[in-house]
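Data block below; observations after.
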Amino acid sequence: MTISRVAVIGAGLAGLSCARELAAAGVKVQLFDKGRGPGGRLSTRRSPAGSFDHGGADFAARGGGFAQQVAQWTEAGWLARVDDVRHTGVGSMNVLPRALAQGLAVHLEVEIAAIEPTTDARWRLRAHQAVPGLAEEVFDAVVVAVPAEQAVPLLGVAPALAEAVRPVRSEPTWTVMAAWPLALPARSERLQPAAGPLREARRDDTRPGRERVAGVGCRWVLHATPDWSAHNLDAPADQVLRRLLDAFSDTLGVRLARPVHAVAHRWRYAQVSAPLSEPCGWDAALRIGACGDTWHAGENIEGVERAWLSGRALAGAILAT
Ligand SMILES: Cc1cc2nc3c(=O)[nH]c(=O)nc-3n(C[C@H](O)[C@H](O)[C@H](O)COP(=O)(O)OP(=O)(O)OC[C@H]3O[C@@H](n4cnc5c(N)ncnc54)[C@H](O)[C@@H]3O)c2cc1C
């Protein structure tokens with residue numbers, strides 16, 4: 001069967017990189033994402049105090065292929081350097097996924113509940129919401145580009161892939177986004193305390209192209225450690241907020257003024273500590289694939305690079321079928 005129509009579930013970096021490769025080869029691709037915008041964990045949260053990059057906010061390119069791609073994105077004005085090895089979005093981190101989604105058919109706020117077979121060995125998608133026309137759409141192949149824990153139920157139709165992904169665990173992260181009327185006395189704009197609940201505190205408003213908001217002197221994003229986040233996974237958000245602001249105050253060694261804005265966000269599936277070594281999963285007989293940061297383990301390769309490489313690897317496997 002010629003693969004000419006593909007559904008991609010998940011419009012994070014992996015789903016976008018896979019979809020772009022397929023579309024460039026003439027395949028008709030449709031992406032579905034339950035979020036309000038593309039980007040998944042490379043997302044930006046708007047607030048009255050300005051925007052916060054509260055997920056992956058910058059990333060390294062370790063391999064030559066990804067480094068070359070990052071250089072092109074930088075040339076296009078979407079990315080800027082934050083140090084010798086890391087890049088961030090210009091204006092906000094989600095500039096990159098938004099740019100990559102341009103020209104693709106992306107259906108937002110659609111949560112896919114199941115992949116179902118048709119009588120002629122193709123696939124249909126069923127969503128939790130009523131989506132006009134979706135019941136009539138038939139796909140030759142389906143790509144599942146979501147975190148491992150969310151992929152397993154969708155991959156029920158491809159048991160070997162579901163079994164491959166099932167052991168992978170994503171570590172959680174509790175994150176606080178907070179703004180103060182004046183700059184804080186921090187010795188650096190990126191602090192990584194050696195002990196306590198915080199893994200990292202990062203100043204957000206001084207990064208390239210970030211907006212200025214009247215009455216806001218600084219914006220910080222605080223990420224808790226995976227262990228602390230796991231222990232406090234179901235704690236109330238206001239309690240988490242207080243604990244992480246106290247930890248930040250201890251890190252700075254000052255008593256913090258009241259923030260003008262502060263919210264806590266829980267990433268249930270933030271980062272994969274032990275990804276699979278294969279670049280992606282592809283069941284050529286069923287024409288179901290899986291990609292994302294669950295895949296493509298390599299020395300020091302971080303999640304964003306794995307997601308991009310994995311999406312491309314899966315597109316290559318689909319096109320070779
Ligand atoms: C706090 C934090 C800090 C991080 N720091 C770094 C870092 O420093 N460096 C780095 O490289 N990486 C970092 N990462 C990880 C990086 O963001 C991810 O590895 C990468 O973005 C994963 O991309 P992905 O496309 O595989 O998955 P995602 O970005 O998770 O995309 C999956 C998409 O699928 C959608 N989805 C899920 N289920 C469904 C469904 N049933 N129906 C429809 N849509 C669905 C989701 O809405 C999401 O948009 C960080 C992540 C977090 C949360």
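Residue numbering restarts at 1 for every chain of the structure tokens, chains are lettered A, B, ... in their displayed order, and ligands are numbered from 1 as they appear.
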Residues contacting ligand 1 - anything with an atom at most 6 Å away, using only C-alpha atoms and all ligand atoms - can you give me those as a PyMOL selection string?
chain A and resi 9-15+32-35+38-42+55-56+58-59+110-113+145-147+150+173+267+270-271+292-293+302-305+307
Fewer than 2 positions away in the same chain doesn't count, so skip those; otherwise give me all residues within 10 Å of Leu233 in chain A, counting only C-alpha atoms, as a PDB file with all heavy atoms, in the first residue's frame.
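Output contents, as saved in selection_5.pdb:
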ATOM      1  N   PRO A 172       8.489  13.597  36.819  1.00  0.00           N
ATOM      2  CA  PRO A 172       7.662  14.815  36.899  1.00  0.00           C
ATOM      3  C   PRO A 172       8.501  16.038  37.299  1.00  0.00           C
ATOM      4  O   PRO A 172       9.615  15.891  37.787  1.00  0.00           O
ATOM      5  CB  PRO A 172       6.671  14.481  38.005  1.00  0.00           C
ATOM      6  CG  PRO A 172       7.413  13.534  38.895  1.00  0.00           C
ATOM      7  CD  PRO A 172       8.384  12.768  38.032  1.00  0.00           C
ATOM      8  N   THR A 173       7.968  17.208  37.083  1.00  0.00           N
ATOM      9  CA  THR A 173       8.588  18.460  37.558  1.00  0.00           C
ATOM     10  C   THR A 173       7.496  19.419  38.007  1.00  0.00           C
ATOM     11  O   THR A 173       6.578  19.720  37.234  1.00  0.00           O
ATOM     12  CB  THR A 173       9.401  19.147  36.428  1.00  0.00           C
ATOM     13  OG1 THR A 173      10.462  18.288  36.028  1.00  0.00           O
ATOM     14  CG2 THR A 173       9.999  20.466  36.894  1.00  0.00           C
ATOM     15  N   TRP A 174       7.614  19.886  39.255  1.00  0.00           N
ATOM     16  CA  TRP A 174       6.788  21.016  39.691  1.00  0.00           C
ATOM     17  C   TRP A 174       7.536  22.290  39.333  1.00  0.00           C
ATOM     18  O   TRP A 174       8.743  22.413  39.605  1.00  0.00           O
ATOM     19  CB  TRP A 174       6.558  20.985  41.202  1.00  0.00           C
ATOM     20  CG  TRP A 174       5.297  20.293  41.642  1.00  0.00           C
ATOM     21  CD1 TRP A 174       5.209  19.107  42.309  1.00  0.00           C
ATOM     22  CD2 TRP A 174       3.949  20.774  41.503  1.00  0.00           C
ATOM     23  NE1 TRP A 174       3.899  18.803  42.579  1.00  0.00           N
ATOM     24  CE2 TRP A 174       3.103  19.816  42.092  1.00  0.00           C
ATOM     25  CE3 TRP A 174       3.370  21.902  40.932  1.00  0.00           C
ATOM     26  CZ2 TRP A 174       1.713  19.956  42.133  1.00  0.00           C
ATOM     27  CZ3 TRP A 174       1.989  22.046  40.972  1.00  0.00           C
ATOM     28  CH2 TRP A 174       1.171  21.079  41.563  1.00  0.00           C
ATOM     29  N   PRO A 226      13.388  16.252  40.312  1.00  0.00           N
ATOM     30  CA  PRO A 226      12.441  15.162  40.012  1.00  0.00           C
ATOM     31  C   PRO A 226      11.995  14.436  41.283  1.00  0.00           C
ATOM     32  O   PRO A 226      10.809  14.115  41.427  1.00  0.00           O
ATOM     33  CB  PRO A 226      13.253  14.218  39.111  1.00  0.00           C
ATOM     34  CG  PRO A 226      14.341  15.068  38.534  1.00  0.00           C
ATOM     35  CD  PRO A 226      14.631  16.140  39.536  1.00  0.00           C
ATOM     36  N   ASP A 227      12.927  14.207  42.241  1.00  0.00           N
ATOM     37  CA  ASP A 227      12.555  13.481  43.467  1.00  0.00           C
ATOM     38  C   ASP A 227      11.527  14.261  44.269  1.00  0.00           C
ATOM     39  O   ASP A 227      10.519  13.724  44.717  1.00  0.00           O
ATOM     40  CB  ASP A 227      13.792  13.246  44.347  1.00  0.00           C
ATOM     41  CG  ASP A 227      14.602  12.074  43.829  1.00  0.00           C
ATOM     42  OD1 ASP A 227      14.117  11.401  42.894  1.00  0.00           O
ATOM     43  OD2 ASP A 227      15.712  11.858  44.338  1.00  0.00           O
ATOM     44  N   TRP A 228      11.812  15.544  44.471  1.00  0.00           N
ATOM     45  CA  TRP A 228      10.894  16.367  45.259  1.00  0.00           C
ATOM     46  C   TRP A 228       9.536  16.424  44.554  1.00  0.00           C
ATOM     47  O   TRP A 228       8.485  16.317  45.198  1.00  0.00           O
ATOM     48  CB  TRP A 228      11.470  17.780  45.439  1.00  0.00           C
ATOM     49  CG  TRP A 228      10.721  18.588  46.456  1.00  0.00           C
ATOM     50  CD1 TRP A 228      10.978  18.676  47.794  1.00  0.00           C
ATOM     51  CD2 TRP A 228       9.552  19.397  46.215  1.00  0.00           C
ATOM     52  NE1 TRP A 228      10.057  19.488  48.406  1.00  0.00           N
ATOM     53  CE2 TRP A 228       9.168  19.947  47.458  1.00  0.00           C
ATOM     54  CE3 TRP A 228       8.806  19.711  45.089  1.00  0.00           C
ATOM     55  CZ2 TRP A 228       8.069  20.795  47.597  1.00  0.00           C
ATOM     56  CZ3 TRP A 228       7.700  20.554  45.226  1.00  0.00           C
ATOM     57  CH2 TRP A 228       7.339  21.089  46.466  1.00  0.00           C
ATOM     58  N   SER A 229       9.562  16.560  43.231  1.00  0.00           N
ATOM     59  CA  SER A 229       8.306  16.646  42.466  1.00  0.00           C
ATOM     60  C   SER A 229       7.519  15.347  42.599  1.00  0.00           C
ATOM     61  O   SER A 229       6.292  15.368  42.773  1.00  0.00           O
ATOM     62  CB  SER A 229       8.594  16.925  40.988  1.00  0.00           C
ATOM     63  OG  SER A 229       9.322  18.120  40.848  1.00  0.00           O
ATOM     64  N   ALA A 230       8.227  14.220  42.540  1.00  0.00           N
ATOM     65  CA  ALA A 230       7.533  12.929  42.644  1.00  0.00           C
ATOM     66  C   ALA A 230       6.918  12.773  44.042  1.00  0.00           C
ATOM     67  O   ALA A 230       5.782  12.317  44.183  1.00  0.00           O
ATOM     68  CB  ALA A 230       8.496  11.793  42.351  1.00  0.00           C
ATOM     69  N   HIS A 231       7.672  13.177  45.081  1.00  0.00           N
ATOM     70  CA  HIS A 231       7.143  13.062  46.451  1.00  0.00           C
ATOM     71  C   HIS A 231       5.947  13.970  46.685  1.00  0.00           C
ATOM     72  O   HIS A 231       5.124  13.708  47.546  1.00  0.00           O
ATOM     73  CB  HIS A 231       8.243  13.418  47.465  1.00  0.00           C
ATOM     74  CG  HIS A 231       9.121  12.249  47.767  1.00  0.00           C
ATOM     75  ND1 HIS A 231      10.444  12.186  47.394  1.00  0.00           N
ATOM     76  CD2 HIS A 231       8.851  11.076  48.372  1.00  0.00           C
ATOM     77  CE1 HIS A 231      10.939  11.028  47.750  1.00  0.00           C
ATOM     78  NE2 HIS A 231      10.007  10.327  48.339  1.00  0.00           N
ATOM     79  N   ALA A 235       0.401  17.101  45.841  1.00  0.00           N
ATOM     80  CA  ALA A 235       0.234  18.188  46.826  1.00  0.00           C
ATOM     81  C   ALA A 235      -0.547  19.334  46.173  1.00  0.00           C
ATOM     82  O   ALA A 235      -0.463  19.538  44.958  1.00  0.00           O
ATOM     83  CB  ALA A 235       1.599  18.677  47.281  1.00  0.00           C
ATOM     84  N   PRO A 236      -1.305  20.104  46.980  1.00  0.00           N
ATOM     85  CA  PRO A 236      -2.037  21.245  46.408  1.00  0.00           C
ATOM     86  C   PRO A 236      -1.056  22.271  45.821  1.00  0.00           C
ATOM     87  O   PRO A 236       0.014  22.512  46.393  1.00  0.00           O
ATOM     88  CB  PRO A 236      -2.791  21.831  47.607  1.00  0.00           C
ATOM     89  CG  PRO A 236      -2.717  20.812  48.681  1.00  0.00           C
ATOM     90  CD  PRO A 236      -1.525  19.945  48.424  1.00  0.00           C
ATOM     91  N   ALA A 237      -1.447  22.885  44.710  1.00  0.00           N
ATOM     92  CA  ALA A 237      -0.547  23.811  44.009  1.00  0.00           C
ATOM     93  C   ALA A 237      -0.132  24.984  44.900  1.00  0.00           C
ATOM     94  O   ALA A 237       1.015  25.438  44.841  1.00  0.00           O
ATOM     95  CB  ALA A 237      -1.216  24.317  42.739  1.00  0.00           C
ATOM     96  N   VAL A 240       2.710  23.880  47.135  1.00  0.00           N
ATOM     97  CA  VAL A 240       3.942  23.735  46.348  1.00  0.00           C
ATOM     98  C   VAL A 240       4.541  25.118  46.080  1.00  0.00           C
ATOM     99  O   VAL A 240       5.751  25.334  46.215  1.00  0.00           O
ATOM    100  CB  VAL A 240       3.647  22.999  45.018  1.00  0.00           C
ATOM    101  CG1 VAL A 240       4.823  23.072  44.062  1.00  0.00           C
ATOM    102  CG2 VAL A 240       3.262  21.554  45.300  1.00  0.00           C
ATOM    103  N   ARG A 266       2.267  21.782  37.320  1.00  0.00           N
ATOM    104  CA  ARG A 266       2.811  20.427  37.453  1.00  0.00           C
ATOM    105  C   ARG A 266       2.975  19.796  36.081  1.00  0.00           C
ATOM    106  O   ARG A 266       2.009  19.665  35.335  1.00  0.00           O
ATOM    107  CB  ARG A 266       1.864  19.571  38.294  1.00  0.00           C
ATOM    108  CG  ARG A 266       2.385  18.153  38.481  1.00  0.00           C
ATOM    109  CD  ARG A 266       1.424  17.336  39.278  1.00  0.00           C
ATOM    110  NE  ARG A 266       0.141  17.204  38.581  1.00  0.00           N
ATOM    111  CZ  ARG A 266      -0.923  16.588  39.080  1.00  0.00           C
ATOM    112  NH1 ARG A 266      -0.870  16.084  40.294  1.00  0.00           N
ATOM    113  NH2 ARG A 266      -2.033  16.488  38.394  1.00  0.00           N
ATOM    114  N   TRP A 267       4.219  19.415  35.759  1.00  0.00           N
ATOM    115  CA  TRP A 267       4.471  18.594  34.566  1.00  0.00           C
ATOM    116  C   TRP A 267       4.489  17.152  35.039  1.00  0.00           C
ATOM    117  O   TRP A 267       5.454  16.724  35.672  1.00  0.00           O
ATOM    118  CB  TRP A 267       5.836  18.933  33.952  1.00  0.00           C
ATOM    119  CG  TRP A 267       5.957  20.304  33.380  1.00  0.00           C
ATOM    120  CD1 TRP A 267       6.534  21.379  33.976  1.00  0.00           C
ATOM    121  CD2 TRP A 267       5.522  20.747  32.081  1.00  0.00           C
ATOM    122  NE1 TRP A 267       6.474  22.471  33.139  1.00  0.00           N
ATOM    123  CE2 TRP A 267       5.857  22.105  31.969  1.00  0.00           C
ATOM    124  CE3 TRP A 267       4.869  20.124  31.016  1.00  0.00           C
ATOM    125  CZ2 TRP A 267       5.576  22.852  30.831  1.00  0.00           C
ATOM    126  CZ3 TRP A 267       4.581  20.870  29.895  1.00  0.00           C
ATOM    127  CH2 TRP A 267       4.938  22.213  29.803  1.00  0.00           C
ATOM    128  N   ARG A 268       3.457  16.434  34.709  1.00  0.00           N
ATOM    129  CA  ARG A 268       3.426  15.033  35.166  1.00  0.00           C
ATOM    130  C   ARG A 268       4.481  14.218  34.416  1.00  0.00           C
ATOM    131  O   ARG A 268       5.108  13.333  34.983  1.00  0.00           O
ATOM    132  CB  ARG A 268       2.032  14.451  34.928  1.00  0.00           C
ATOM    133  CG  ARG A 268       1.829  13.112  35.565  1.00  0.00           C
ATOM    134  CD  ARG A 268       0.415  12.637  35.357  1.00  0.00           C
ATOM    135  NE  ARG A 268      -0.523  13.200  36.304  1.00  0.00           N
ATOM    136  CZ  ARG A 268      -0.726  12.758  37.531  1.00  0.00           C
ATOM    137  NH1 ARG A 268      -0.018  11.747  37.987  1.00  0.00           N
ATOM    138  NH2 ARG A 268      -1.603  13.313  38.330  1.00  0.00           N
TER     139      ARG A 268
END
With distances taken over only C-alpha atoms, which of A:Leu198, A:Ala76, A:Ala158, A:Leu108 is nearest to Thr175 in chain A?
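Ranking A:Leu198, A:Ala76, A:Ala158, A:Leu108 by distance to Thr175 in chain A, first place goes to A:Leu198.
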Among range 71-266 of chain A, which residues does DSSP mark as helix (DSSP H, G or I) when it is run on the backbone? Keep the chain and numbering as in the structure and answer as an NGL selection string.
:A and (71-75 or 95-101 or 134-136 or 148-157 or 159-165 or 226-231 or 237-252)
Quick check, in Å to one decimal: how far apart do CA of Ala214 in chain A and CA of Pro259 in chain A lie?
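Distance between the two atoms: 14.2 Å.
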Report as a PDB file with N, CA, C and O atoms, in the first residue's frame all protein, DNA and RNA residues lying within 12 Å of Ala49 in chain A, evaluated on only C-alpha atoms, omitting residues in the same chain fewer than 3 positions from it.
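Result written to out.pdb:
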ATOM      1  N   ARG A  45       3.862  30.171  28.758  1.00  0.00           N
ATOM      2  CA  ARG A  45       2.627  30.534  29.459  1.00  0.00           C
ATOM      3  C   ARG A  45       2.492  32.054  29.515  1.00  0.00           C
ATOM      4  O   ARG A  45       3.406  32.729  29.984  1.00  0.00           O
ATOM      5  N   ARG A  46       1.377  32.573  28.979  1.00  0.00           N
ATOM      6  CA  ARG A  46       1.141  34.028  29.061  1.00  0.00           C
ATOM      7  C   ARG A  46       0.567  34.364  30.434  1.00  0.00           C
ATOM      8  O   ARG A  46      -0.146  33.551  31.022  1.00  0.00           O
ATOM      9  N   PHE A  52       6.140  33.344  30.351  1.00  0.00           N
ATOM     10  CA  PHE A  52       7.133  32.483  31.020  1.00  0.00           C
ATOM     11  C   PHE A  52       7.368  31.250  30.155  1.00  0.00           C
ATOM     12  O   PHE A  52       6.405  30.603  29.742  1.00  0.00           O
ATOM     13  N   MET A 177       6.211  29.852  38.301  1.00  0.00           N
ATOM     14  CA  MET A 177       6.457  31.054  37.488  1.00  0.00           C
ATOM     15  C   MET A 177       6.136  32.245  38.380  1.00  0.00           C
ATOM     16  O   MET A 177       5.003  32.352  38.871  1.00  0.00           O
ATOM     17  N   ALA A 178       7.123  33.110  38.616  1.00  0.00           N
ATOM     18  CA  ALA A 178       6.897  34.222  39.555  1.00  0.00           C
ATOM     19  C   ALA A 178       7.549  35.496  39.048  1.00  0.00           C
ATOM     20  O   ALA A 178       8.593  35.448  38.388  1.00  0.00           O
ATOM     21  N   ALA A 179       6.898  36.620  39.346  1.00  0.00           N
ATOM     22  CA  ALA A 179       7.426  37.930  38.925  1.00  0.00           C
ATOM     23  C   ALA A 179       7.427  38.864  40.132  1.00  0.00           C
ATOM     24  O   ALA A 179       6.538  38.795  40.993  1.00  0.00           O
ATOM     25  N   TRP A 180       8.441  39.723  40.191  1.00  0.00           N
ATOM     26  CA  TRP A 180       8.559  40.704  41.276  1.00  0.00           C
ATOM     27  C   TRP A 180       8.650  42.109  40.674  1.00  0.00           C
ATOM     28  O   TRP A 180       9.094  42.278  39.527  1.00  0.00           O
ATOM     29  N   PRO A 181       8.288  43.135  41.468  1.00  0.00           N
ATOM     30  CA  PRO A 181       8.311  44.501  40.926  1.00  0.00           C
ATOM     31  C   PRO A 181       9.726  45.016  40.672  1.00  0.00           C
ATOM     32  O   PRO A 181       9.937  45.872  39.819  1.00  0.00           O
ATOM     33  N   ASP A 204      13.883  34.739  33.524  1.00  0.00           N
ATOM     34  CA  ASP A 204      13.249  34.532  32.220  1.00  0.00           C
ATOM     35  C   ASP A 204      13.137  35.817  31.399  1.00  0.00           C
ATOM     36  O   ASP A 204      13.148  35.771  30.177  1.00  0.00           O
ATOM     37  N   ASP A 205      13.019  36.961  32.084  1.00  0.00           N
ATOM     38  CA  ASP A 205      12.678  38.200  31.355  1.00  0.00           C
ATOM     39  C   ASP A 205      13.870  38.823  30.644  1.00  0.00           C
ATOM     40  O   ASP A 205      13.678  39.717  29.819  1.00  0.00           O
ATOM     41  N   ARG A 210      12.561  39.032  25.037  1.00  0.00           N
ATOM     42  CA  ARG A 210      11.422  38.872  25.953  1.00  0.00           C
ATOM     43  C   ARG A 210      10.742  40.220  26.191  1.00  0.00           C
ATOM     44  O   ARG A 210      11.405  41.266  26.227  1.00  0.00           O
ATOM     45  N   GLU A 211       9.401  40.164  26.366  1.00  0.00           N
ATOM     46  CA  GLU A 211       8.641  41.401  26.519  1.00  0.00           C
ATOM     47  C   GLU A 211       8.913  42.059  27.875  1.00  0.00           C
ATOM     48  O   GLU A 211       9.252  41.386  28.850  1.00  0.00           O
ATOM     49  N   ARG A 212       8.772  43.390  27.887  1.00  0.00           N
ATOM     50  CA  ARG A 212       8.858  44.157  29.136  1.00  0.00           C
ATOM     51  C   ARG A 212       7.437  44.502  29.559  1.00  0.00           C
ATOM     52  O   ARG A 212       6.615  44.857  28.719  1.00  0.00           O
ATOM     53  N   VAL A 213       7.156  44.409  30.837  1.00  0.00           N
ATOM     54  CA  VAL A 213       5.800  44.717  31.326  1.00  0.00           C
ATOM     55  C   VAL A 213       5.932  45.766  32.433  1.00  0.00           C
ATOM     56  O   VAL A 213       6.748  45.602  33.345  1.00  0.00           O
ATOM     57  N   ALA A 214       5.134  46.830  32.325  1.00  0.00           N
ATOM     58  CA  ALA A 214       5.200  47.907  33.328  1.00  0.00           C
ATOM     59  C   ALA A 214       4.933  47.338  34.721  1.00  0.00           C
ATOM     60  O   ALA A 214       4.022  46.525  34.900  1.00  0.00           O
ATOM     61  N   GLY A 215       5.744  47.732  35.682  1.00  0.00           N
ATOM     62  CA  GLY A 215       5.545  47.296  37.068  1.00  0.00           C
ATOM     63  C   GLY A 215       6.174  45.951  37.371  1.00  0.00           C
ATOM     64  O   GLY A 215       6.071  45.440  38.485  1.00  0.00           O
ATOM     65  N   VAL A 216       6.823  45.340  36.362  1.00  0.00           N
ATOM     66  CA  VAL A 216       7.474  44.037  36.580  1.00  0.00           C
ATOM     67  C   VAL A 216       8.985  44.216  36.392  1.00  0.00           C
ATOM     68  O   VAL A 216       9.443  44.592  35.312  1.00  0.00           O
ATOM     69  N   GLY A 217       9.737  43.952  37.467  1.00  0.00           N
ATOM     70  CA  GLY A 217      11.191  44.140  37.405  1.00  0.00           C
ATOM     71  C   GLY A 217      11.926  42.871  37.006  1.00  0.00           C
ATOM     72  O   GLY A 217      13.049  42.920  36.499  1.00  0.00           O
ATOM     73  N   CYS A 218      11.314  41.712  37.247  1.00  0.00           N
ATOM     74  CA  CYS A 218      11.957  40.449  36.846  1.00  0.00           C
ATOM     75  C   CYS A 218      10.939  39.310  36.873  1.00  0.00           C
ATOM     76  O   CYS A 218       9.926  39.376  37.579  1.00  0.00           O
ATOM     77  N   ARG A 219      11.221  38.313  36.051  1.00  0.00           N
ATOM     78  CA  ARG A 219      10.404  37.083  36.044  1.00  0.00           C
ATOM     79  C   ARG A 219      11.358  35.900  36.206  1.00  0.00           C
ATOM     80  O   ARG A 219      12.407  35.874  35.536  1.00  0.00           O
ATOM     81  N   TRP A 220      11.000  34.991  37.074  1.00  0.00           N
ATOM     82  CA  TRP A 220      11.832  33.793  37.293  1.00  0.00           C
ATOM     83  C   TRP A 220      10.988  32.532  37.110  1.00  0.00           C
ATOM     84  O   TRP A 220       9.792  32.526  37.409  1.00  0.00           O
ATOM     85  N   PRO A 259       5.646  38.449  45.487  1.00  0.00           N
ATOM     86  CA  PRO A 259       5.627  38.537  44.017  1.00  0.00           C
ATOM     87  C   PRO A 259       4.349  39.210  43.514  1.00  0.00           C
ATOM     88  O   PRO A 259       3.304  39.117  44.161  1.00  0.00           O
ATOM     89  N   VAL A 260       4.446  39.876  42.353  1.00  0.00           N
ATOM     90  CA  VAL A 260       3.229  40.465  41.766  1.00  0.00           C
ATOM     91  C   VAL A 260       2.423  39.393  41.039  1.00  0.00           C
ATOM     92  O   VAL A 260       1.252  39.584  40.710  1.00  0.00           O
ATOM     93  N   HIS A 261       3.088  38.269  40.761  1.00  0.00           N
ATOM     94  CA  HIS A 261       2.402  37.163  40.076  1.00  0.00           C
ATOM     95  C   HIS A 261       3.149  35.886  40.461  1.00  0.00           C
ATOM     96  O   HIS A 261       4.378  35.871  40.454  1.00  0.00           O
ATOM     97  N   ALA A 262       2.448  34.839  40.801  1.00  0.00           N
ATOM     98  CA  ALA A 262       3.125  33.565  41.105  1.00  0.00           C
ATOM     99  C   ALA A 262       2.132  32.418  40.951  1.00  0.00           C
ATOM    100  O   ALA A 262       1.066  32.437  41.565  1.00  0.00           O
ATOM    101  N   VAL A 263       2.474  31.455  40.102  1.00  0.00           N
ATOM    102  CA  VAL A 263       1.640  30.258  39.959  1.00  0.00           C
ATOM    103  C   VAL A 263       2.547  29.020  39.869  1.00  0.00           C
ATOM    104  O   VAL A 263       3.700  29.121  39.441  1.00  0.00           O
TER     105      VAL A 263
END
Find, counting only C-alpha atoms, the residue in A:Gly156, A:Gly37, A:Gly50, A:Gly63 that gets nearest to His107 in chain A.
A:Gly37
Can you tell me which residues surround Arg306 in chain A at a distance of at most 10 Å, considering only C-alpha atoms, apart from same-chain residues fewer than 6 positions away, and format the answer as a ChimeraX atom specification?
/A:13-14,61,66,275,279-280,291-298,312
Identify, with DSSP run on backbone atoms, the residues in range 117-267 of chain A assigned to strand (DSSP E), and express the list as a ChimeraX atom specification.
/A:117,123-127,141-144,170-180,190-191,198-203,218-224,261-267
Nearest residue to Thr251 in chain A from the set A:Ala320, A:Val221, A:Ala194, A:Ala135 (distances using only C-alpha atoms)
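For Thr251 in chain A, the nearest of the candidates is A:Ala194.
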